[in-house]
Amino acid sequence: MPNRFLKESITTSVSLSHLSAEEERLFYRLIVQADDFGCFQAHPSVIRAHGFSLLLDTVSAEDCQRWTRGLVAENIIHLYTGPDGKPYGHFVNWEKYQQRRAVNPKWPLPSCD
């Protein structure tokens, strides 16, 4: 995945301030997993394996699922099922904060946008 840029304004984000420390940690780990369109694989076990590979003994798939729900509740991410029947996620404001370099998405795009 490409490198991501974070703006200083992230430290004063109202939506991020409502997250628990664990939910916020997941937020940052999902950013680096997302493709240039802001999409990522959202199966809890995949999130755990890709985002917490060195913490598999302390972070469970259930933890990832619970923290993901926190991001959904704050409208930071949207979850959807791709045409392949697999769960995916999409950052709601991705286009506002990240640059798109790729021509094609790596993961199926949401139909909700």
# chains A, B, ... in the order shown; residues from 1 in each chain; ligands from 1
$ residues_around --residues "Gly89 (chain A)" --least-positions-apart "4" --cutoff "12 Å" --atoms "only C-alpha atoms" --output "PyMOL selection string"
chain A and resi 27+30-31+33-35+37-44+46-47+68-69+71-72+75-82+94+107-112
$ write_last_selection --atoms "N, CA and C atoms" --output "tab-separated table (two decimals), in the first residue's frame"
chain	number	residue	atom	x	y	z
A	27	PHE	N	-8.16	2.65	13.94
A	27	PHE	CA	-8.31	3.64	12.88
A	27	PHE	C	-7.00	3.84	12.13
A	30	LEU	N	-5.99	0.75	10.14
A	30	LEU	CA	-6.80	0.56	8.93
A	30	LEU	C	-6.41	1.53	7.82
A	31	ILE	N	-6.00	2.73	8.19
A	31	ILE	CA	-5.58	3.70	7.18
A	31	ILE	C	-4.48	3.12	6.30
A	33	GLN	N	-3.90	0.05	5.69
A	33	GLN	CA	-4.37	-1.15	4.99
A	33	GLN	C	-5.28	-0.80	3.81
A	34	ALA	N	-5.83	0.39	3.82
A	34	ALA	CA	-6.79	0.80	2.79
A	34	ALA	C	-6.10	1.04	1.45
A	35	ASP	N	-6.83	0.76	0.38
A	35	ASP	CA	-6.32	1.07	-0.95
A	35	ASP	C	-6.48	2.57	-1.22
A	37	PHE	N	-8.56	4.12	-2.74
A	37	PHE	CA	-9.96	4.53	-2.79
A	37	PHE	C	-10.59	4.51	-1.39
A	38	GLY	N	-9.76	4.17	-0.37
A	38	GLY	CA	-10.24	4.14	1.01
A	38	GLY	C	-10.94	2.87	1.40
A	39	CYS	N	-10.79	1.81	0.60
A	39	CYS	CA	-11.46	0.53	0.88
A	39	CYS	C	-10.49	-0.47	1.51
A	40	PHE	N	-11.01	-1.34	2.33
A	40	PHE	CA	-10.19	-2.36	2.99
A	40	PHE	C	-11.03	-3.59	3.28
A	41	GLN	N	-10.34	-4.71	3.49
A	41	GLN	CA	-11.02	-5.94	3.88
A	41	GLN	C	-11.46	-5.78	5.32
A	42	ALA	N	-12.71	-6.11	5.62
A	42	ALA	CA	-13.26	-5.83	6.94
A	42	ALA	C	-13.64	-7.06	7.76
A	43	HIS	N	-13.25	-8.24	7.32
A	43	HIS	CA	-13.50	-9.41	8.16
A	43	HIS	C	-12.66	-9.25	9.42
A	44	PRO	N	-13.25	-9.42	10.61
A	44	PRO	CA	-12.50	-9.21	11.85
A	44	PRO	C	-11.19	-9.98	11.93
A	46	VAL	N	-9.29	-10.86	9.40
A	46	VAL	CA	-8.36	-10.24	8.46
A	46	VAL	C	-7.82	-8.94	9.06
A	47	ILE	N	-8.71	-8.15	9.66
A	47	ILE	CA	-8.27	-6.93	10.33
A	47	ILE	C	-7.24	-7.27	11.39
A	68	THR	N	-14.18	-1.97	15.51
A	68	THR	CA	-14.70	-1.58	14.20
A	68	THR	C	-16.09	-0.97	14.35
A	69	ARG	N	-16.92	-1.57	15.20
A	69	ARG	CA	-18.26	-1.02	15.46
A	69	ARG	C	-18.18	0.41	16.00
A	71	LEU	N	-15.90	2.62	15.18
A	71	LEU	CA	-15.61	3.48	14.03
A	71	LEU	C	-16.86	3.69	13.18
A	72	VAL	N	-17.68	2.66	13.07
A	72	VAL	CA	-18.94	2.77	12.33
A	72	VAL	C	-19.89	3.72	13.06
A	75	ASN	N	-19.36	7.20	12.32
A	75	ASN	CA	-19.42	7.48	10.88
A	75	ASN	C	-18.03	7.78	10.28
A	76	ILE	N	-17.03	7.08	10.79
A	76	ILE	CA	-15.67	7.20	10.27
A	76	ILE	C	-15.47	6.21	9.12
A	77	ILE	N	-16.05	5.03	9.30
A	77	ILE	CA	-16.02	4.02	8.24
A	77	ILE	C	-17.43	3.53	7.98
A	78	HIS	N	-17.61	2.96	6.81
A	78	HIS	CA	-18.87	2.33	6.42
A	78	HIS	C	-18.54	0.89	6.06
A	79	LEU	N	-19.33	-0.06	6.53
A	79	LEU	CA	-19.12	-1.47	6.19
A	79	LEU	C	-20.11	-1.88	5.12
A	80	TYR	N	-19.68	-2.77	4.24
A	80	TYR	CA	-20.54	-3.26	3.17
A	80	TYR	C	-20.07	-4.64	2.73
A	81	THR	N	-20.91	-5.32	2.00
A	81	THR	CA	-20.57	-6.62	1.45
A	81	THR	C	-20.28	-6.44	-0.03
A	82	GLY	N	-19.13	-6.95	-0.45
A	82	GLY	CA	-18.75	-6.84	-1.86
A	82	GLY	C	-19.51	-7.83	-2.71
A	94	TRP	N	-12.54	9.69	3.02
A	94	TRP	CA	-11.23	9.38	2.43
A	94	TRP	C	-10.78	10.42	1.41
A	107	TRP	N	-9.88	-3.28	-3.89
A	107	TRP	CA	-11.05	-3.96	-3.32
A	107	TRP	C	-12.31	-3.42	-3.99
A	108	PRO	N	-13.41	-4.18	-3.94
A	108	PRO	CA	-14.66	-3.68	-4.53
A	108	PRO	C	-15.10	-2.37	-3.87
A	109	LEU	N	-15.59	-1.47	-4.68
A	109	LEU	CA	-16.07	-0.18	-4.17
A	109	LEU	C	-17.47	-0.35	-3.57
A	110	PRO	N	-17.78	0.46	-2.57
A	110	PRO	CA	-19.13	0.39	-1.99
A	110	PRO	C	-20.16	0.95	-2.95
A	111	SER	N	-21.34	0.41	-2.91
A	111	SER	CA	-22.42	0.94	-3.75
A	111	SER	C	-23.19	2.03	-3.03
A	112	CYS	N	-22.81	2.29	-1.78
A	112	CYS	CA	-23.53	3.27	-0.95
A	112	CYS	C	-23.11	4.69	-1.21
$ select_by_dssp --residues "region 52-103 of chain A" --states "helix (DSSP H, G or I)" --output "PyMOL selection string"
chain A and resi 53-55+61-73+94-97
$ write_last_selection --atoms "N, CA and C atoms" --output "PDB file, in the first residue's frame"
ATOM      1  N   SER A  53      -0.487  -8.017  13.595  1.00  0.00           N
ATOM      2  CA  SER A  53       0.266  -9.260  13.400  1.00  0.00           C
ATOM      3  C   SER A  53       1.260  -9.552  14.519  1.00  0.00           C
ATOM      4  N   LEU A  54       1.782  -8.547  15.163  1.00  0.00           N
ATOM      5  CA  LEU A  54       2.709  -8.782  16.274  1.00  0.00           C
ATOM      6  C   LEU A  54       2.007  -8.823  17.626  1.00  0.00           C
ATOM      7  N   LEU A  55       0.683  -8.705  17.606  1.00  0.00           N
ATOM      8  CA  LEU A  55      -0.093  -8.705  18.849  1.00  0.00           C
ATOM      9  C   LEU A  55      -1.173  -9.789  18.848  1.00  0.00           C
ATOM     10  N   ALA A  61     -10.081 -11.449  17.378  1.00  0.00           N
ATOM     11  CA  ALA A  61     -10.982 -11.028  16.303  1.00  0.00           C
ATOM     12  C   ALA A  61     -12.201 -10.318  16.888  1.00  0.00           C
ATOM     13  N   GLU A  62     -12.638 -10.745  18.063  1.00  0.00           N
ATOM     14  CA  GLU A  62     -13.766 -10.101  18.727  1.00  0.00           C
ATOM     15  C   GLU A  62     -13.411  -8.662  19.124  1.00  0.00           C
ATOM     16  N   ASP A  63     -12.170  -8.446  19.573  1.00  0.00           N
ATOM     17  CA  ASP A  63     -11.718  -7.085  19.873  1.00  0.00           C
ATOM     18  C   ASP A  63     -11.818  -6.220  18.618  1.00  0.00           C
ATOM     19  N   CYS A  64     -11.296  -6.752  17.507  1.00  0.00           N
ATOM     20  CA  CYS A  64     -11.316  -6.002  16.242  1.00  0.00           C
ATOM     21  C   CYS A  64     -12.738  -5.695  15.810  1.00  0.00           C
ATOM     22  N   GLN A  65     -13.632  -6.649  15.985  1.00  0.00           N
ATOM     23  CA  GLN A  65     -15.025  -6.436  15.611  1.00  0.00           C
ATOM     24  C   GLN A  65     -15.657  -5.346  16.473  1.00  0.00           C
ATOM     25  N   ARG A  66     -15.390  -5.362  17.758  1.00  0.00           N
ATOM     26  CA  ARG A  66     -15.937  -4.356  18.684  1.00  0.00           C
ATOM     27  C   ARG A  66     -15.374  -2.969  18.354  1.00  0.00           C
ATOM     28  N   TRP A  67     -14.081  -2.868  18.109  1.00  0.00           N
ATOM     29  CA  TRP A  67     -13.470  -1.576  17.792  1.00  0.00           C
ATOM     30  C   TRP A  67     -13.959  -1.056  16.440  1.00  0.00           C
ATOM     31  N   THR A  68     -14.176  -1.966  15.508  1.00  0.00           N
ATOM     32  CA  THR A  68     -14.703  -1.583  14.199  1.00  0.00           C
ATOM     33  C   THR A  68     -16.093  -0.975  14.349  1.00  0.00           C
ATOM     34  N   ARG A  69     -16.921  -1.573  15.200  1.00  0.00           N
ATOM     35  CA  ARG A  69     -18.262  -1.017  15.456  1.00  0.00           C
ATOM     36  C   ARG A  69     -18.179   0.408  15.998  1.00  0.00           C
ATOM     37  N   GLY A  70     -17.155   0.699  16.787  1.00  0.00           N
ATOM     38  CA  GLY A  70     -16.970   2.054  17.292  1.00  0.00           C
ATOM     39  C   GLY A  70     -16.684   3.041  16.169  1.00  0.00           C
ATOM     40  N   LEU A  71     -15.904   2.622  15.177  1.00  0.00           N
ATOM     41  CA  LEU A  71     -15.614   3.484  14.027  1.00  0.00           C
ATOM     42  C   LEU A  71     -16.862   3.693  13.177  1.00  0.00           C
ATOM     43  N   VAL A  72     -17.677   2.659  13.068  1.00  0.00           N
ATOM     44  CA  VAL A  72     -18.943   2.774  12.333  1.00  0.00           C
ATOM     45  C   VAL A  72     -19.886   3.717  13.064  1.00  0.00           C
ATOM     46  N   ALA A  73     -19.960   3.592  14.375  1.00  0.00           N
ATOM     47  CA  ALA A  73     -20.864   4.430  15.169  1.00  0.00           C
ATOM     48  C   ALA A  73     -20.534   5.914  15.033  1.00  0.00           C
ATOM     49  N   TRP A  94     -12.538   9.689   3.017  1.00  0.00           N
ATOM     50  CA  TRP A  94     -11.228   9.381   2.430  1.00  0.00           C
ATOM     51  C   TRP A  94     -10.783  10.423   1.408  1.00  0.00           C
ATOM     52  N   GLU A  95     -11.668  10.764   0.500  1.00  0.00           N
ATOM     53  CA  GLU A  95     -11.320  11.694  -0.585  1.00  0.00           C
ATOM     54  C   GLU A  95     -10.944  13.074  -0.054  1.00  0.00           C
ATOM     55  N   LYS A  96     -11.463  13.429   1.100  1.00  0.00           N
ATOM     56  CA  LYS A  96     -11.188  14.740   1.686  1.00  0.00           C
ATOM     57  C   LYS A  96      -9.756  14.842   2.219  1.00  0.00           C
ATOM     58  N   TYR A  97      -9.185  13.697   2.646  1.00  0.00           N
ATOM     59  CA  TYR A  97      -7.898  13.731   3.329  1.00  0.00           C
ATOM     60  C   TYR A  97      -6.757  12.996   2.627  1.00  0.00           C
TER      61      TYR A  97
END
$ select_by_dssp --residues "chain A" --states "strand (DSSP E or B)" --output "PyMOL selection string"
chain A and resi 39-41+77-81+87-91
$ write_last_selection --atoms "N, CA and C atoms" --output "PDB file, in the first residue's frame"
ATOM      1  N   CYS A  39     -10.793   1.806   0.604  1.00  0.00           N
ATOM      2  CA  CYS A  39     -11.457   0.527   0.879  1.00  0.00           C
ATOM      3  C   CYS A  39     -10.486  -0.468   1.506  1.00  0.00           C
ATOM      4  N   PHE A  40     -11.011  -1.343   2.328  1.00  0.00           N
ATOM      5  CA  PHE A  40     -10.191  -2.357   2.986  1.00  0.00           C
ATOM      6  C   PHE A  40     -11.028  -3.590   3.276  1.00  0.00           C
ATOM      7  N   GLN A  41     -10.335  -4.711   3.489  1.00  0.00           N
ATOM      8  CA  GLN A  41     -11.017  -5.941   3.878  1.00  0.00           C
ATOM      9  C   GLN A  41     -11.462  -5.784   5.325  1.00  0.00           C
ATOM     10  N   ILE A  77     -16.051   5.028   9.299  1.00  0.00           N
ATOM     11  CA  ILE A  77     -16.024   4.016   8.239  1.00  0.00           C
ATOM     12  C   ILE A  77     -17.434   3.528   7.980  1.00  0.00           C
ATOM     13  N   HIS A  78     -17.610   2.958   6.814  1.00  0.00           N
ATOM     14  CA  HIS A  78     -18.869   2.328   6.419  1.00  0.00           C
ATOM     15  C   HIS A  78     -18.535   0.887   6.056  1.00  0.00           C
ATOM     16  N   LEU A  79     -19.326  -0.057   6.526  1.00  0.00           N
ATOM     17  CA  LEU A  79     -19.120  -1.467   6.194  1.00  0.00           C
ATOM     18  C   LEU A  79     -20.105  -1.885   5.121  1.00  0.00           C
ATOM     19  N   TYR A  80     -19.679  -2.766   4.238  1.00  0.00           N
ATOM     20  CA  TYR A  80     -20.541  -3.258   3.172  1.00  0.00           C
ATOM     21  C   TYR A  80     -20.070  -4.640   2.732  1.00  0.00           C
ATOM     22  N   THR A  81     -20.911  -5.319   2.005  1.00  0.00           N
ATOM     23  CA  THR A  81     -20.571  -6.622   1.447  1.00  0.00           C
ATOM     24  C   THR A  81     -20.281  -6.440  -0.026  1.00  0.00           C
ATOM     25  N   PRO A  87     -16.878  -9.223   3.456  1.00  0.00           N
ATOM     26  CA  PRO A  87     -17.062  -7.918   4.104  1.00  0.00           C
ATOM     27  C   PRO A  87     -15.919  -6.960   3.782  1.00  0.00           C
ATOM     28  N   TYR A  88     -16.281  -5.731   3.495  1.00  0.00           N
ATOM     29  CA  TYR A  88     -15.318  -4.668   3.217  1.00  0.00           C
ATOM     30  C   TYR A  88     -15.698  -3.437   4.000  1.00  0.00           C
ATOM     31  N   GLY A  89     -14.751  -2.533   4.109  1.00  0.00           N
ATOM     32  CA  GLY A  89     -15.000  -1.263   4.742  1.00  0.00           C
ATOM     33  C   GLY A  89     -14.493  -0.144   3.858  1.00  0.00           C
ATOM     34  N   HIS A  90     -14.996   1.038   4.131  1.00  0.00           N
ATOM     35  CA  HIS A  90     -14.626   2.221   3.358  1.00  0.00           C
ATOM     36  C   HIS A  90     -14.584   3.417   4.296  1.00  0.00           C
ATOM     37  N   PHE A  91     -13.524   4.202   4.216  1.00  0.00           N
ATOM     38  CA  PHE A  91     -13.435   5.430   5.007  1.00  0.00           C
ATOM     39  C   PHE A  91     -14.364   6.474   4.401  1.00  0.00           C
TER      40      PHE A  91
END
